[in-house]
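This is entry11.tsv. It holds TSV, C-alpha atoms.
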```tsv
chain	number	residue	atom	x	y	z
L	1	MET	CA	0.00	0.00	0.00
L	2	SER	CA	1.08	3.54	-0.44
L	3	ILE	CA	1.89	5.75	2.48
L	4	GLY	CA	2.16	9.49	2.00
L	5	GLY	CA	5.93	9.32	2.22
L	6	GLU	CA	6.34	7.30	-0.96
L	7	LYS	CA	4.30	9.55	-3.18
L	8	GLY	CA	6.20	11.54	-5.72
L	9	SER	CA	3.52	13.88	-6.99
L	10	ALA	CA	4.46	17.54	-7.20
L	11	SER	CA	1.70	18.69	-4.88
L	12	THR	CA	2.68	16.39	-2.01
L	13	LYS	CA	5.22	17.46	0.54
L	14	THR	CA	6.18	14.91	3.14
L	15	PRO	CA	7.50	15.79	6.61
L	16	ALA	CA	10.99	14.87	5.35
L	17	ASP	CA	10.65	17.29	2.40
L	18	PHE	CA	9.45	19.98	4.73
L	19	LEU	CA	12.36	19.53	7.13
L	20	LYS	CA	14.86	19.75	4.26
L	21	SER	CA	13.26	22.96	2.99
L	22	ILE	CA	13.32	24.96	6.22
L	23	ARG	CA	16.97	24.82	7.35
L	24	GLY	CA	18.41	28.26	7.88
L	25	ARG	CA	15.02	29.90	7.65
L	26	PRO	CA	13.09	31.85	10.27
L	27	VAL	CA	10.59	29.59	11.98
L	28	VAL	CA	8.08	29.52	14.77
L	29	VAL	CA	8.20	26.44	16.97
L	30	LYS	CA	5.18	25.90	19.17
L	31	LEU	CA	5.37	23.58	22.14
L	32	ASN	CA	2.52	21.56	23.65
L	33	SER	CA	2.60	23.90	26.64
L	34	GLY	CA	1.59	26.77	24.32
L	35	VAL	CA	4.97	28.51	24.49
L	36	ASP	CA	6.32	29.78	21.14
L	37	TYR	CA	9.94	30.01	20.05
L	38	ARG	CA	10.86	32.22	17.12
L	39	GLY	CA	14.28	32.15	15.58
L	40	ILE	CA	16.50	30.86	12.80
L	41	LEU	CA	16.40	27.10	12.44
L	42	ALA	CA	19.99	25.80	12.56
L	43	CYS	CA	19.17	22.09	12.28
L	44	LEU	CA	16.87	19.34	13.45
L	45	ASP	CA	16.69	15.56	13.61
L	46	GLY	CA	14.15	12.76	13.31
L	47	TYR	CA	12.97	13.19	16.89
L	48	MET	CA	12.09	16.82	16.09
L	49	ASN	CA	14.91	17.92	18.38
L	50	ILE	CA	15.67	21.43	17.17
L	51	ALA	CA	18.70	23.74	17.30
L	52	MET	CA	17.79	27.41	16.84
L	53	GLU	CA	19.69	30.69	16.70
L	54	GLN	CA	18.56	34.16	17.80
L	55	THR	CA	15.73	32.51	19.66
L	56	GLU	CA	12.93	34.49	21.26
L	57	GLU	CA	10.58	32.89	23.78
L	58	TYR	CA	6.95	34.03	23.76
L	59	VAL	CA	4.47	33.13	26.49
L	60	ASN	CA	0.88	34.17	25.73
L	61	GLY	CA	2.21	36.28	22.88
L	62	GLN	CA	4.58	38.23	25.13
L	63	LEU	CA	8.36	38.13	24.76
L	64	LYS	CA	9.77	36.50	27.89
L	65	ASN	CA	13.35	35.52	27.03
L	66	LYS	CA	16.08	35.55	24.40
L	67	TYR	CA	18.67	32.87	23.76
L	68	GLY	CA	21.66	33.08	21.42
L	69	ASP	CA	21.51	29.36	20.77
L	70	ALA	CA	18.81	27.02	21.94
L	71	PHE	CA	18.26	23.28	21.83
L	72	ILE	CA	14.62	22.22	22.07
L	73	ARG	CA	13.85	18.61	22.96
L	74	GLY	CA	11.59	17.17	20.27
L	75	ASN	CA	8.97	15.54	22.49
L	76	ASN	CA	7.72	19.00	23.52
L	77	VAL	CA	7.16	20.20	19.94
L	78	LEU	CA	3.57	20.68	18.75
L	79	TYR	CA	4.47	22.15	15.35
L	80	ILE	CA	7.18	23.87	13.35
L	81	SER	CA	5.91	26.71	11.17
L	82	THR	CA	7.56	28.75	8.43
L	83	SER	CA	5.17	31.59	8.49
L	84	LYS	CA	5.05	35.11	9.61
L	85	ARG	CA	1.96	34.73	11.69
L	86	THR	CA	-0.98	36.94	12.38
L	87	LEU	CA	-2.98	36.27	15.47
L	88	ALA	CA	-5.89	37.65	17.34
L	89	GLU	CA	-7.41	36.89	20.68
L	90	GLY	CA	-11.11	36.31	21.17
L	91	SER	CA	-13.22	37.69	23.98
L	92	SER	CA	-13.24	35.18	26.78
Y	1	MET	CA	40.22	19.73	9.37
Y	2	ALA	CA	39.18	17.52	12.24
Y	3	THR	CA	38.72	20.49	14.55
Y	4	GLU	CA	36.50	22.16	12.00
Y	5	GLU	CA	34.42	18.99	11.91
Y	6	GLU	CA	34.14	19.04	15.70
Y	7	SER	CA	33.04	22.64	15.92
Y	8	THR	CA	30.16	22.53	13.44
Y	9	VAL	CA	26.52	22.00	14.27
Y	10	LYS	CA	25.12	19.35	11.93
Y	11	GLU	CA	22.49	17.91	14.22
Y	12	PRO	CA	20.79	19.46	17.25
Y	13	LEU	CA	22.75	17.37	19.77
Y	14	ASP	CA	25.99	18.96	18.46
Y	15	LEU	CA	24.87	22.12	20.22
Y	16	ILE	CA	24.92	20.17	23.49
Y	17	ARG	CA	28.26	18.56	22.64
Y	18	LEU	CA	29.81	21.98	22.09
Y	19	SER	CA	28.53	23.03	25.52
Y	20	LEU	CA	30.46	20.32	27.40
Y	21	ASP	CA	32.40	21.80	30.34
Y	22	GLU	CA	30.54	25.07	29.90
Y	23	ARG	CA	27.83	26.54	32.05
Y	24	ILE	CA	24.46	25.98	30.46
Y	25	TYR	CA	20.86	26.98	31.06
Y	26	VAL	CA	18.28	24.19	31.21
Y	27	LYS	CA	14.54	24.78	31.15
Y	28	LEU	CA	12.60	21.89	32.67
Y	29	ARG	CA	8.95	20.98	33.00
Y	30	SER	CA	6.89	22.31	35.92
Y	31	ASP	CA	8.60	25.74	35.82
Y	32	ARG	CA	12.02	24.57	36.91
Y	33	GLU	CA	15.26	26.11	35.65
Y	34	LEU	CA	18.85	25.02	36.13
Y	35	ARG	CA	22.15	26.77	35.56
Y	36	GLY	CA	25.26	24.65	35.87
Y	37	LYS	CA	28.36	23.22	34.28
Y	38	LEU	CA	27.66	20.40	31.85
Y	39	HIS	CA	29.85	17.41	32.67
Y	40	ALA	CA	28.12	14.72	30.61
Y	41	TYR	CA	25.00	14.00	28.58
Y	42	ASP	CA	23.51	11.26	26.42
Y	43	GLN	CA	21.08	11.03	23.50
Y	44	HIS	CA	18.07	11.21	25.84
Y	45	LEU	CA	19.38	14.52	27.23
Y	46	ASN	CA	20.08	12.87	30.57
Y	47	MET	CA	22.74	15.18	31.99
Y	48	ILE	CA	25.25	15.50	34.79
Y	49	LEU	CA	25.50	19.09	35.96
Y	50	GLY	CA	27.89	20.56	38.50
Y	51	ASP	CA	27.63	23.72	40.68
Y	52	VAL	CA	23.95	23.92	39.88
Y	53	GLU	CA	21.59	26.74	40.73
Y	54	GLU	CA	18.01	25.51	40.59
Y	55	SER	CA	15.08	27.94	40.50
Y	56	VAL	CA	11.45	26.93	40.85
Y	57	THR	CA	8.77	29.45	39.93
Y	58	THR	CA	5.32	29.18	41.46
Y	59	VAL	CA	2.28	31.33	40.81
Y	60	GLU	CA	-0.31	31.65	43.56
Y	61	ILE	CA	-3.59	33.51	43.47
Y	62	ASP	CA	-4.24	35.74	46.48
Y	63	ASP	CA	-7.52	34.64	48.13
Y	64	GLU	CA	-8.80	38.19	48.62
Y	65	THR	CA	-7.37	40.32	45.85
Y	66	TYR	CA	-7.11	37.53	43.23
Y	67	GLU	CA	-3.73	38.96	42.35
Y	68	GLU	CA	-1.13	36.61	40.96
Y	69	ILE	CA	1.81	36.18	43.31
Y	70	VAL	CA	4.90	34.94	41.50
Y	71	ARG	CA	7.47	33.31	43.76
Y	72	THR	CA	10.88	32.04	42.78
Y	73	SER	CA	12.74	29.78	45.17
Y	74	ARG	CA	16.41	29.03	44.57
Y	75	ARG	CA	18.87	26.52	45.88
Y	76	THR	CA	22.31	25.34	44.92
Y	77	VAL	CA	23.33	21.72	44.42
Y	78	PRO	CA	26.97	20.56	43.97
Y	79	PHE	CA	26.11	17.74	41.56
Y	80	LEU	CA	22.92	16.79	39.80
Y	81	PHE	CA	21.73	14.04	37.49
Y	82	VAL	CA	18.95	15.37	35.25
Y	83	ARG	CA	16.62	12.89	33.61
Y	84	GLY	CA	16.20	13.82	29.95
Y	85	ASP	CA	12.45	13.45	29.69
Y	86	GLY	CA	11.91	16.55	31.84
Y	87	VAL	CA	14.03	18.78	29.59
Y	88	ILE	CA	12.30	21.40	27.44
Y	89	LEU	CA	15.20	23.62	26.32
Y	90	VAL	CA	18.97	23.84	26.70
Y	91	SER	CA	20.99	26.99	26.01
Y	92	PRO	CA	24.62	27.95	26.56
Y	93	PRO	CA	24.11	31.14	28.64
Y	94	LEU	CA	27.46	32.70	27.72
Y	95	ARG	CA	26.17	33.05	24.19
Y	96	THR	CA	22.80	34.35	25.37
Y	97	VAL	CA	21.90	37.68	23.78
P	1	MET	CA	-7.24	-11.14	11.98
P	2	ALA	CA	-8.90	-11.72	8.61
P	3	THR	CA	-7.67	-9.52	5.82
P	4	ASN	CA	-10.52	-8.09	3.84
P	5	PRO	CA	-9.27	-6.82	0.48
P	6	SER	CA	-11.98	-4.18	0.33
P	7	GLN	CA	-11.10	-2.84	3.75
P	8	LEU	CA	-9.66	0.66	3.77
P	9	LEU	CA	-6.63	1.12	5.95
P	10	PRO	CA	-6.57	4.22	8.18
P	11	SER	CA	-3.45	5.51	6.46
P	12	GLU	CA	-5.11	5.09	3.05
P	13	LEU	CA	-7.96	7.25	4.26
P	14	ILE	CA	-5.51	9.98	5.20
P	15	ASP	CA	-3.66	9.50	1.91
P	16	ARG	CA	-6.91	10.30	0.08
P	17	CYS	CA	-7.03	13.61	1.94
P	18	ILE	CA	-3.76	14.88	0.43
P	19	GLY	CA	-4.53	18.13	-1.36
P	20	SER	CA	-7.76	18.77	0.49
P	21	LYS	CA	-8.64	20.69	3.58
P	22	ILE	CA	-8.80	18.67	6.78
P	23	TRP	CA	-9.79	19.24	10.37
P	24	VAL	CA	-7.40	17.98	13.04
P	25	ILE	CA	-8.45	17.71	16.67
P	26	MET	CA	-5.57	17.50	19.11
P	27	LYS	CA	-5.47	16.13	22.63
P	28	GLY	CA	-6.34	19.10	24.80
P	29	ASP	CA	-8.19	22.22	23.70
P	30	LYS	CA	-6.61	22.64	20.29
P	31	GLU	CA	-7.87	22.21	16.75
P	32	LEU	CA	-6.45	22.98	13.34
P	33	VAL	CA	-7.90	23.32	9.85
P	34	GLY	CA	-5.58	23.27	6.85
P	35	THR	CA	-4.73	21.72	3.50
P	36	LEU	CA	-2.89	18.41	3.85
P	37	ARG	CA	0.32	18.32	1.77
P	38	GLY	CA	1.77	15.07	3.09
P	39	PHE	CA	2.33	12.81	6.06
P	40	ASP	CA	4.59	10.02	7.29
P	41	VAL	CA	4.25	6.73	9.21
P	42	TYR	CA	3.89	8.60	12.51
P	43	VAL	CA	1.13	10.73	10.95
P	44	ASN	CA	3.27	13.81	11.31
P	45	MET	CA	1.61	16.12	8.80
P	46	VAL	CA	2.61	18.97	6.53
P	47	LEU	CA	-0.32	21.41	6.47
P	48	GLU	CA	-0.76	24.59	4.46
P	49	ASP	CA	-2.92	27.71	4.99
P	50	VAL	CA	-3.58	26.65	8.55
P	51	THR	CA	-5.98	28.11	11.05
P	52	GLU	CA	-5.25	27.08	14.61
P	53	TYR	CA	-7.98	27.29	17.26
P	54	GLU	CA	-6.99	27.09	20.90
P	55	ILE	CA	-8.57	27.77	24.23
P	56	THR	CA	-6.16	29.17	26.80
P	57	ALA	CA	-6.56	30.67	30.26
P	58	GLU	CA	-6.56	34.06	28.51
P	59	GLY	CA	-9.44	33.08	26.26
P	60	ARG	CA	-9.89	31.88	22.73
P	61	ARG	CA	-7.14	32.47	20.25
P	62	ILE	CA	-6.91	32.00	16.50
P	63	THR	CA	-3.61	31.77	14.69
P	64	LYS	CA	-3.08	31.78	10.93
P	65	LEU	CA	-0.04	29.93	9.63
P	66	ASP	CA	1.33	29.51	6.08
P	67	GLN	CA	2.89	26.08	6.36
P	68	ILE	CA	3.55	23.82	9.33
P	69	LEU	CA	4.90	20.43	10.25
P	70	LEU	CA	2.47	19.12	12.83
P	71	ASN	CA	3.80	16.56	15.30
P	72	GLY	CA	1.62	13.45	15.02
P	73	ASN	CA	2.10	12.61	18.67
P	74	ASN	CA	-0.83	14.65	19.99
P	75	ILE	CA	-3.31	14.18	17.17
P	76	ALA	CA	-6.59	12.69	18.39
P	77	ILE	CA	-8.98	12.89	15.42
P	78	VAL	CA	-8.62	13.70	11.73
P	79	SER	CA	-11.74	14.64	9.81
P	80	ASP	CA	-12.66	16.56	6.68
P	81	ASN	CA	-13.36	20.23	6.35
P	82	HIS	CA	-17.03	19.65	5.64
P	83	SER	CA	-17.42	18.07	9.09
P	84	PHE	CA	-15.67	21.10	10.57
P	85	ASN	CA	-18.20	23.44	8.97
P	86	VAL	CA	-21.13	21.32	10.11
P	87	TYR	CA	-20.05	20.41	13.64
P	88	MET	CA	-18.01	23.39	14.73
P	89	PRO	CA	-21.18	25.49	15.32
P	90	LEU	CA	-22.63	22.64	17.37
P	91	PHE	CA	-19.55	22.33	19.54
P	92	ARG	CA	-19.18	26.04	20.05
P	93	GLU	CA	-22.50	27.61	20.93
P	94	VAL	CA	-21.70	30.95	19.34
P	95	THR	CA	-18.95	30.67	16.76
P	96	SER	CA	-19.04	34.42	16.20
P	97	LEU	CA	-17.14	34.72	19.47
P	98	TRP	CA	-14.10	33.69	17.48
P	99	THR	CA	-12.49	36.94	16.39
P	100	ILE	CA	-11.45	35.73	12.97
P	101	SER	CA	-14.04	33.81	11.08
P	102	GLN	CA	-12.94	30.53	9.60
P	103	THR	CA	-11.88	30.86	5.98
P	104	ASN	CA	-12.32	28.49	3.10
```
Would you encode the structure as structure tokens?
Amino acid sequence: MSIGGEKGSASTKTPADFLKSIRGRPVVVKLNSGVDYRGILACLDGYMNIAMEQTEEYVNGQLKNKYGDAFIRGNNVLYISTSKRTLAEGSS
Amino acid sequence: MATEEESTVKEPLDLIRLSLDERIYVKLRSDRELRGKLHAYDQHLNMILGDVEESVTTVEIDDETYEEIVRTSRRTVPFLFVRGDGVILVSPPLRTV
Amino acid sequence: MATNPSQLLPSELIDRCIGSKIWVIMKGDKELVGTLRGFDVYVNMVLEDVTEYEITAEGRRITKLDQILLNGNNIAIVSDNHSFNVYMPLFREVTSLWTISQTN
């Protein structure tokens, strides 16, 4: 059977393709705890362990810390995003 | 040539390798932070730290004013084994912006 | 375990979703809607034009993202966008409370 990873169609982009394409680019890494890390992605591995440069730590959208280099343990990662994000908060 | 190979970051764990014998910052689950000298680590991020300062941050809500009271308690530990599964982030503080 | 040739494997179902908009419900108060670009054996997913819905202590929050790699570890349910449009209003009494309306 075919799993997404083996498909070669131009429109598909597997996690491996994605990881190759984002090295050296600015990324947002969101953890399961809700904390965001923004910085330049130095490298990552199959566990989603991440090394970042010029890292900024955001808690509830507010800048809390800066790190020159940062290693993030992969099990905490919710997603890795390439985007410049726009966000808005709803009325609670 | 070999030294160049040793000093490059090809995979995330290289960042930890390059921090051996340096003081690092470790962010752990449940609002714990450590600063100490990295003596050893493995692929799980289990670590041996020396001259460690541990800080634990707690947030309490005042019963009457409902204000958030943030408390940080600190202690120092000569040697510490850190189990890797509690680690969120590791950073070499000397290179911190 | 009998093998039924007509049976559709879970991963085949997800494979059929490549190129279309899907609705992902995570463990905890988090949901995402986006176009599925690909996935792997762990069901890590590459999603495009993503809208993330989360409920935090500070209230509801919506985040728009161009392209993400979503860790498969915390995915609970994967459904199609049509289900999102139908059931989202049922789950959330007043969807207009979301500050950004969901886009198609």
Exercise for review: Between Y:Leu13, Y:Val77, Y:Ile61, Y:Val70, single out the one closest to chain L, counting only C-alpha atoms.
Suggested key: Y:Leu13
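Minimum atom-to-atom distances from L:Gly34, L:Pro15, L:Val27, L:Lys20 to Gln62 in chain L were compared using only C-alpha atoms, and the lowest value belongs to L:Gly34.
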Study note, to complete from the structure: Judged by all atoms listed in the file, the minimum distance to chain P among L:Val35, L:Ile80, L:Val28, L:Ile22 is found for L:Ile80
Review point. What gap, in Å, lies between CA of Ile68 in chain P and CA of Val26 in chain Y?
Key: 26.4 Å
Output as a PDB file with C-alpha atoms, in the frame of the given file the set of chain L residues within 8 Å of chain Y, with distances taken over all atoms listed in the file.
```pdb
ATOM      1  CA  ALA L  42      19.990  25.800  12.560  1.00  0.00           C
ATOM      2  CA  CYS L  43      19.170  22.090  12.280  1.00  0.00           C
ATOM      3  CA  LEU L  44      16.870  19.340  13.450  1.00  0.00           C
ATOM      4  CA  ASP L  45      16.690  15.560  13.610  1.00  0.00           C
ATOM      5  CA  ASN L  49      14.910  17.920  18.380  1.00  0.00           C
ATOM      6  CA  ILE L  50      15.670  21.430  17.170  1.00  0.00           C
ATOM      7  CA  ALA L  51      18.700  23.740  17.300  1.00  0.00           C
ATOM      8  CA  GLN L  54      18.560  34.160  17.800  1.00  0.00           C
ATOM      9  CA  LYS L  66      16.080  35.550  24.400  1.00  0.00           C
ATOM     10  CA  TYR L  67      18.670  32.870  23.760  1.00  0.00           C
ATOM     11  CA  GLY L  68      21.660  33.080  21.420  1.00  0.00           C
ATOM     12  CA  ASP L  69      21.510  29.360  20.770  1.00  0.00           C
ATOM     13  CA  ALA L  70      18.810  27.020  21.940  1.00  0.00           C
ATOM     14  CA  PHE L  71      18.260  23.280  21.830  1.00  0.00           C
ATOM     15  CA  ILE L  72      14.620  22.220  22.070  1.00  0.00           C
ATOM     16  CA  ARG L  73      13.850  18.610  22.960  1.00  0.00           C
ATOM     17  CA  ASN L  76       7.720  19.000  23.520  1.00  0.00           C
TER      18      ASN L  76
END
```
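As for CA of Asn44 in chain P and CA of Arg32 in chain Y, they are spaced 29.1 Å apart.
Rounded to one decimal, CA of Glu12 in chain P and CA of Ala76 in chain P lie 17.2 Å from each other.
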Review point. Within 7 Å of (0.8, 32.7, 43.5), all atoms listed in the file: residues as a VMD selection string?
Key: chain Y and resid 58 to 62 68 to 71
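With distances restricted to all atoms listed in the file, P:Gln67 is the closest residue to chain L from P:Val50, P:Leu13, P:Asn81, P:Gln67.
Contacts from chain P to chain L at a cut-off of 6 Å (all atoms listed in the file) map to Asp15, Arg37, Gly38, Phe39, Asp40, Val46, Gly59, Arg60, Arg61, Ile62, Thr63, Lys64, Leu65, Asp66, Gln67, Ile68, Leu69, Leu70, Asn71, Trp98 and Thr99 of chain P.
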Exercise for review: Show which residues sit within 8 Å of Arg35 in chain Y, as a PyMOL selection string. Count only C-alpha atoms, and ignore same-chain residues fewer than 4 positions away.
Suggested key: chain Y and resi 23-26+52-54
Point to revise | Ile48 in chain Y environment, 7 Å, only C-alpha atoms, sequence neighbours closer than 3 positions dropped, as a count of residues only | key: 7
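Closest approach to Cys17 in chain P among P:Asp29, P:Thr51, P:Glu58, P:Thr35: P:Thr35, based on all atoms listed in the file.
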